[in-house]
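Report on the structure given below.
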Amino acid sequence: MKNLCTSISVLLHTSALAIALLLGILGSAGVLAALYLYSRYNRHLNRITSTLTHVAAGDLGARIPITTSSTGLGRTMAEINVMLDRMQLLIQNLNNSSAEIAHTLKHPLIRLRSQLEHASNRGDENIMSILETSVREIDSMLGMVDSMLDIKQIEAGHLRSRFMKTSLKGLVNKLMDVYEPVIQDAGQILNKELTAGDGSILGEPELLFQMLSNLIENAIRYCPAGTTITISLTENGNRTGWIIVIADDGPGMTSDDREQVFTPFFRPEATLGVAGHGMGIPLSAAIAKLHDAQLEIADNEPGLKATISLSTTQRASLPG
Amino acid sequence: MRILVVEDDEEAASLIIDGLSQARHSVDLIANGRDGLVLGIQEEYDLIILDRMLPGLDGLSVAKSLRSSQIVCPILFLTALSSINDRVQGLEVGGDDYLVKPFAISELLARVNALARRPPMRAEDDVLRAGDLELNTATRSVTRQTSRIDLLPREFALLEVLLQNKGRVVTRTMLLERVWGLRFEPKTSVIETHISRLRAKVDRDPFSPLIRTVRGSGYCVDSGE
């Protein structure tokens with residue numbers, strides 16, 4: 001969409017310049033008129049460019065302020081606004097429908113689960129195990145639905161209003177406090193490399209912790225005993241942000257899988273034996289994006305390396 | 001306990017009432033927010049269980065009005081919305097705890113019991129006891145049969161939550177929330193691992209275990225008296 005918006009504004013700028021030149025050629029008496037027209041056109045074009053830039057940045061409600069609709073450019077501006085209206089409606093429908101599917105799915109699942117739990121509280125021993133399995137299956141489906149809804153809510157960006165000064169070092173220390181014994185019990189080795197600084201950013205600490213949890217739990221669950229899991233927090237080269245790396249020297253992923261793993265519900269074939277929904281990395285990527293950060297999954301030769309680059313100069317203060 | 005349940009979903013309500021009644025609580029059920037608010041102000045309850053989405057007046061507004069009417073009894077929110085913002089909003093308007101639907105009845109009962117009003121703290125309440133174990137919250141020390149046990153801060157915090165709820169079940173999700181402030185379900189056995197470490201230090205004698213596993217629910221430290 002960004003490309004489309006850029007091309008439209010370049011096209012309009014070029015044609016305005018051509019019109020102005022043509023008028024200029026018509027005679028010296030026309031020069032002043034041409035300059036006047038050109039500056040007027042330029043004002044309009046700046047409005048169009050600025051609106052399209054806002055739309056490309058995600059502000060789907062931005063529209064070109066129109067002062068005249070009688071000129072050709074005025075009509076074009078009105079047309080662009082109509083196109084933006086349609087596009088916004090289309091995108092809203094798309095967003096609503098997946099959230100709607102999740103909500104619609106969730107209610108019958110809740111009811112079904114309640115009935116089964118009710119029955120298992122009263123049932124005899126034989127049917128109890130069947131009921132317990134059914135409840136577990138439903139919980140797994142509900143887990144998928146909840147992840148979808150969480151991603152939708154994070155993508156909407158409203159949670160930015162809850163950003164606060166957050167210490168990444170504090171989060172990484174908490175991560176190790178929670179997972180160190182789990183890593184040890186899995187026969188894996190934890191290796192930590194922490195920067196001297198505090199790693200302060202504006203962010204939502206609960207979500208950032210969940211992002212890191214998803215990544216470290218992937219390493220714990222998909223790597224065998226003997227794997228070394230490394231967590232590091234360092235300042236980036238030009239001191240404008242922080243880099244968190246969670247890496248392992250386990251089996252890793254093929255390059256195809258590394259690309260696809262950002263798609264919801266995708267699971268690499270090698271991981272199918274371990275319970276999961278394929279929502280961990282998409283959720284982590286959505287949380288990273290909310291913080292204007294980048295999550296990259298790369299080959300650690302051997303193993304997998306997840307890198308999150310967080311900027312201290314993010315636009316966190318902007319409302320959702 | 002005397003509990004007011006404000007819930008419009010009949011099935012959910014009957015399940016909640018069954019569970020609470022079996023646990024010998026006395027329950028009043030109201031299906032809409034406005035009547036729930038009136039009853040919550042008029043009557044004296046030990047706990048109010050409020051659904052977030054209610055006809056008439058939504059759960060958040062009911063809680064807000066209850067608090068502004070100086071009703072101090074604990075409020076437990078129920079919500080089908082798992083979304084992160086909703087949970088926080090519930091606690092911000094004066095809710096004491098929340099549960100995301102669907103929940104196991106054992107989880108609801110554990111939270112109801114944990115919210116039960118406790119007698120005011122006294123100076124000697126710095127020391128939490130269960131059987132021959134003592135945990136001093138002021139000196140951060142733990143002893144069993146007078147011999148000192150060295151715990152890591154997280155192990156101390158786990159034991160403290162269990163002892164604060166002595167005689168009551170504490171679920172895994174409650175431990176995650178109270179020890180680390182985590183509000184999501186880990187995919188690895190975080191709580192089991194930490195409890196097993198804690199047991200290795202405080203429960204060396206297999207004949208008098210202090211921390212009991214309650215199948216399908218969580219853990220319980222028995223009174224031991």
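Order determines the names: the first chain of the structure tokens is A, the second B, and so forth; residues in each chain are numbered 1 upward, and ligands are numbered 1 upward as they are shown.
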DSSP on the backbone, strand (DSSP E or B) only: what residues of region 41-239 of chain A does that give? Format it as a PyMOL selection string. chain A and resi 164-167+189-194+200-203+228-235
How would the residues just picked look written out with N, CA and C atoms as a PDB file, in the first residue's frame?
```pdb
ATOM      1  N   MET A 164       4.984   2.069  29.636  1.00  0.00           N
ATOM      2  CA  MET A 164       5.636   2.736  30.771  1.00  0.00           C
ATOM      3  C   MET A 164       7.129   2.469  30.690  1.00  0.00           C
ATOM      4  N   LYS A 165       7.894   3.190  31.494  1.00  0.00           N
ATOM      5  CA  LYS A 165       9.339   2.979  31.499  1.00  0.00           C
ATOM      6  C   LYS A 165       9.592   1.554  32.001  1.00  0.00           C
ATOM      7  N   THR A 166      10.259   0.769  31.178  1.00  0.00           N
ATOM      8  CA  THR A 166      10.434  -0.645  31.486  1.00  0.00           C
ATOM      9  C   THR A 166      11.904  -1.014  31.369  1.00  0.00           C
ATOM     10  N   SER A 167      12.396  -1.747  32.368  1.00  0.00           N
ATOM     11  CA  SER A 167      13.792  -2.168  32.326  1.00  0.00           C
ATOM     12  C   SER A 167      13.895  -3.539  31.658  1.00  0.00           C
ATOM     13  N   ILE A 189      21.651 -26.274  29.273  1.00  0.00           N
ATOM     14  CA  ILE A 189      22.574 -25.359  29.954  1.00  0.00           C
ATOM     15  C   ILE A 189      22.164 -23.926  29.628  1.00  0.00           C
ATOM     16  N   LEU A 190      22.084 -23.081  30.670  1.00  0.00           N
ATOM     17  CA  LEU A 190      21.719 -21.679  30.455  1.00  0.00           C
ATOM     18  C   LEU A 190      22.969 -20.815  30.485  1.00  0.00           C
ATOM     19  N   ASN A 191      23.077 -19.983  29.466  1.00  0.00           N
ATOM     20  CA  ASN A 191      24.231 -19.112  29.359  1.00  0.00           C
ATOM     21  C   ASN A 191      23.710 -17.680  29.234  1.00  0.00           C
ATOM     22  N   LYS A 192      24.130 -16.786  30.121  1.00  0.00           N
ATOM     23  CA  LYS A 192      23.574 -15.420  30.061  1.00  0.00           C
ATOM     24  C   LYS A 192      24.672 -14.388  29.873  1.00  0.00           C
ATOM     25  N   GLU A 193      24.373 -13.408  29.072  1.00  0.00           N
ATOM     26  CA  GLU A 193      25.319 -12.311  28.830  1.00  0.00           C
ATOM     27  C   GLU A 193      24.538 -11.015  28.960  1.00  0.00           C
ATOM     28  N   LEU A 194      24.739 -10.340  30.098  1.00  0.00           N
ATOM     29  CA  LEU A 194      23.949  -9.136  30.336  1.00  0.00           C
ATOM     30  C   LEU A 194      24.796  -7.880  30.276  1.00  0.00           C
ATOM     31  N   SER A 200      16.607   0.495  29.555  1.00  0.00           N
ATOM     32  CA  SER A 200      15.294   1.133  29.721  1.00  0.00           C
ATOM     33  C   SER A 200      14.654   1.479  28.384  1.00  0.00           C
ATOM     34  N   ILE A 201      13.399   1.118  28.242  1.00  0.00           N
ATOM     35  CA  ILE A 201      12.626   1.542  27.071  1.00  0.00           C
ATOM     36  C   ILE A 201      11.206   1.868  27.537  1.00  0.00           C
ATOM     37  N   LEU A 202      10.407   2.450  26.640  1.00  0.00           N
ATOM     38  CA  LEU A 202       8.986   2.592  26.930  1.00  0.00           C
ATOM     39  C   LEU A 202       8.301   1.358  26.387  1.00  0.00           C
ATOM     40  N   GLY A 203       7.533   0.690  27.214  1.00  0.00           N
ATOM     41  CA  GLY A 203       6.897  -0.524  26.715  1.00  0.00           C
ATOM     42  C   GLY A 203       5.872  -1.054  27.691  1.00  0.00           C
ATOM     43  N   THR A 228      22.757 -25.841  24.744  1.00  0.00           N
ATOM     44  CA  THR A 228      23.029 -24.602  25.480  1.00  0.00           C
ATOM     45  C   THR A 228      22.078 -23.517  24.986  1.00  0.00           C
ATOM     46  N   ILE A 229      21.357 -22.901  25.917  1.00  0.00           N
ATOM     47  CA  ILE A 229      20.443 -21.806  25.570  1.00  0.00           C
ATOM     48  C   ILE A 229      21.082 -20.507  26.075  1.00  0.00           C
ATOM     49  N   THR A 230      21.263 -19.571  25.169  1.00  0.00           N
ATOM     50  CA  THR A 230      21.928 -18.317  25.529  1.00  0.00           C
ATOM     51  C   THR A 230      20.934 -17.157  25.489  1.00  0.00           C
ATOM     52  N   ILE A 231      20.934 -16.354  26.556  1.00  0.00           N
ATOM     53  CA  ILE A 231      20.121 -15.132  26.554  1.00  0.00           C
ATOM     54  C   ILE A 231      21.082 -13.967  26.698  1.00  0.00           C
ATOM     55  N   SER A 232      20.984 -13.009  25.798  1.00  0.00           N
ATOM     56  CA  SER A 232      21.861 -11.856  25.959  1.00  0.00           C
ATOM     57  C   SER A 232      21.101 -10.557  25.761  1.00  0.00           C
ATOM     58  N   LEU A 233      21.522  -9.542  26.481  1.00  0.00           N
ATOM     59  CA  LEU A 233      20.968  -8.191  26.335  1.00  0.00           C
ATOM     60  C   LEU A 233      22.148  -7.250  26.144  1.00  0.00           C
ATOM     61  N   THR A 234      22.195  -6.571  25.011  1.00  0.00           N
ATOM     62  CA  THR A 234      23.303  -5.646  24.747  1.00  0.00           C
ATOM     63  C   THR A 234      22.773  -4.355  24.138  1.00  0.00           C
ATOM     64  N   GLU A 235      23.576  -3.309  24.230  1.00  0.00           N
ATOM     65  CA  GLU A 235      23.196  -2.042  23.614  1.00  0.00           C
ATOM     66  C   GLU A 235      23.599  -2.124  22.142  1.00  0.00           C
TER      67      GLU A 235
END
```
At most 10 Å to chain B: residues in chain A, only C-alpha atoms, as JSON, numbers by chain: {"A": [103, 106, 107, 109, 110, 111, 112, 113, 114, 115, 117, 118, 121, 135, 139, 142, 143, 145, 146, 147, 149, 150, 151, 152, 153, 154, 158, 159, 162, 174, 175, 177, 178, 179, 180, 181, 182, 183, 184, 185, 206, 207, 209, 210, 213, 214, 217, 218, 220, 221, 275, 276]}
Run DSSP on the backbone of this structure and report the residues of region 17-163 of chain B it assigns to helix (DSSP H, G or I), as a ChimeraX atom specification. /B:17-22,33-42,59-68,84-92,105-115,123-126,153-163
Quick one, how far is CA of Arg160 (chain A) from CA of Leu290 (chain A)? 7.3 Å
List the spatial neighbours of region 23-27 of chain B as a PyMOL selection string - criterion: any atom at most 9 Å away, only C-alpha atoms, same-chain residues fewer than 4 positions off excluded. chain B and resi 1-5+17-19+109
Which neighbours of Ala219 (chain A) fall inside 10 Å, counting only C-alpha atoms, when residues of the same chain fewer than 5 positions from it are skipped, and could you give them as an MDAnalysis selection string? chainID A and resid 183 188 213:214 224 227:230 246:252 303:306
Next, dump the selected residues to file, keeping only N, CA and C atoms, as a compact mmCIF listing (two decimals), in the first residue's frame.
```txt
# COMPACT_ATOMS: atom_id res chain seq x y z
N ILE A 183 15.07 -25.13 32.71
CA ILE A 183 16.15 -25.44 31.77
C ILE A 183 17.07 -26.50 32.38
N GLN A 188 19.41 -29.02 30.07
CA GLN A 188 20.00 -28.03 29.18
C GLN A 188 20.86 -27.05 29.99
N SER A 213 9.14 -15.03 26.92
CA SER A 213 8.74 -16.37 27.39
C SER A 213 8.49 -17.32 26.22
N ASN A 214 7.71 -16.84 25.24
CA ASN A 214 7.40 -17.68 24.08
C ASN A 214 8.69 -18.18 23.43
N PRO A 224 16.96 -30.82 22.56
CA PRO A 224 17.22 -31.96 23.45
C PRO A 224 18.10 -31.58 24.64
N THR A 227 21.63 -29.19 25.17
CA THR A 227 21.62 -27.94 24.39
C THR A 227 21.99 -26.75 25.29
N THR A 228 22.76 -25.84 24.74
CA THR A 228 23.03 -24.60 25.48
C THR A 228 22.08 -23.52 24.99
N ILE A 229 21.36 -22.90 25.92
CA ILE A 229 20.44 -21.81 25.57
C ILE A 229 21.08 -20.51 26.07
N THR A 230 21.26 -19.57 25.17
CA THR A 230 21.93 -18.32 25.53
C THR A 230 20.93 -17.16 25.49
N ILE A 246 17.89 -14.59 22.02
CA ILE A 246 17.66 -15.89 22.66
C ILE A 246 18.07 -16.93 21.63
N ALA A 247 19.17 -17.61 21.90
CA ALA A 247 19.73 -18.52 20.89
C ALA A 247 19.96 -19.90 21.50
N ASP A 248 19.96 -20.92 20.63
CA ASP A 248 20.28 -22.26 21.10
C ASP A 248 21.16 -22.95 20.07
N ASP A 249 21.83 -24.04 20.48
CA ASP A 249 22.62 -24.80 19.51
C ASP A 249 21.94 -26.15 19.24
N GLY A 250 20.60 -26.12 19.26
CA GLY A 250 19.80 -27.33 19.03
C GLY A 250 19.62 -27.64 17.56
N PRO A 251 18.53 -28.38 17.21
CA PRO A 251 18.35 -28.84 15.83
C PRO A 251 18.07 -27.74 14.81
N GLY A 252 17.59 -26.56 15.25
CA GLY A 252 17.35 -25.46 14.32
C GLY A 252 16.18 -25.71 13.38
N GLY A 303 21.61 -24.49 15.27
CA GLY A 303 20.55 -24.04 16.17
C GLY A 303 19.79 -22.85 15.63
N LEU A 304 19.05 -22.21 16.53
CA LEU A 304 18.17 -21.12 16.13
C LEU A 304 18.50 -19.88 16.95
N LYS A 305 18.35 -18.73 16.31
CA LYS A 305 18.69 -17.49 17.01
C LYS A 305 17.57 -16.49 16.80
N ALA A 306 16.91 -16.11 17.88
CA ALA A 306 15.86 -15.10 17.80
C ALA A 306 16.43 -13.78 18.29
```
Here is a test: counting only C-alpha atoms, which residue of B:Glu7, B:Asp28, B:Glu44, B:Asp97 is nearest to Asp58 (chain B)?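 Between B:Glu7, B:Asp28, B:Glu44, B:Asp97, the residue approaching Asp58 (chain B) most closely is B:Glu7.
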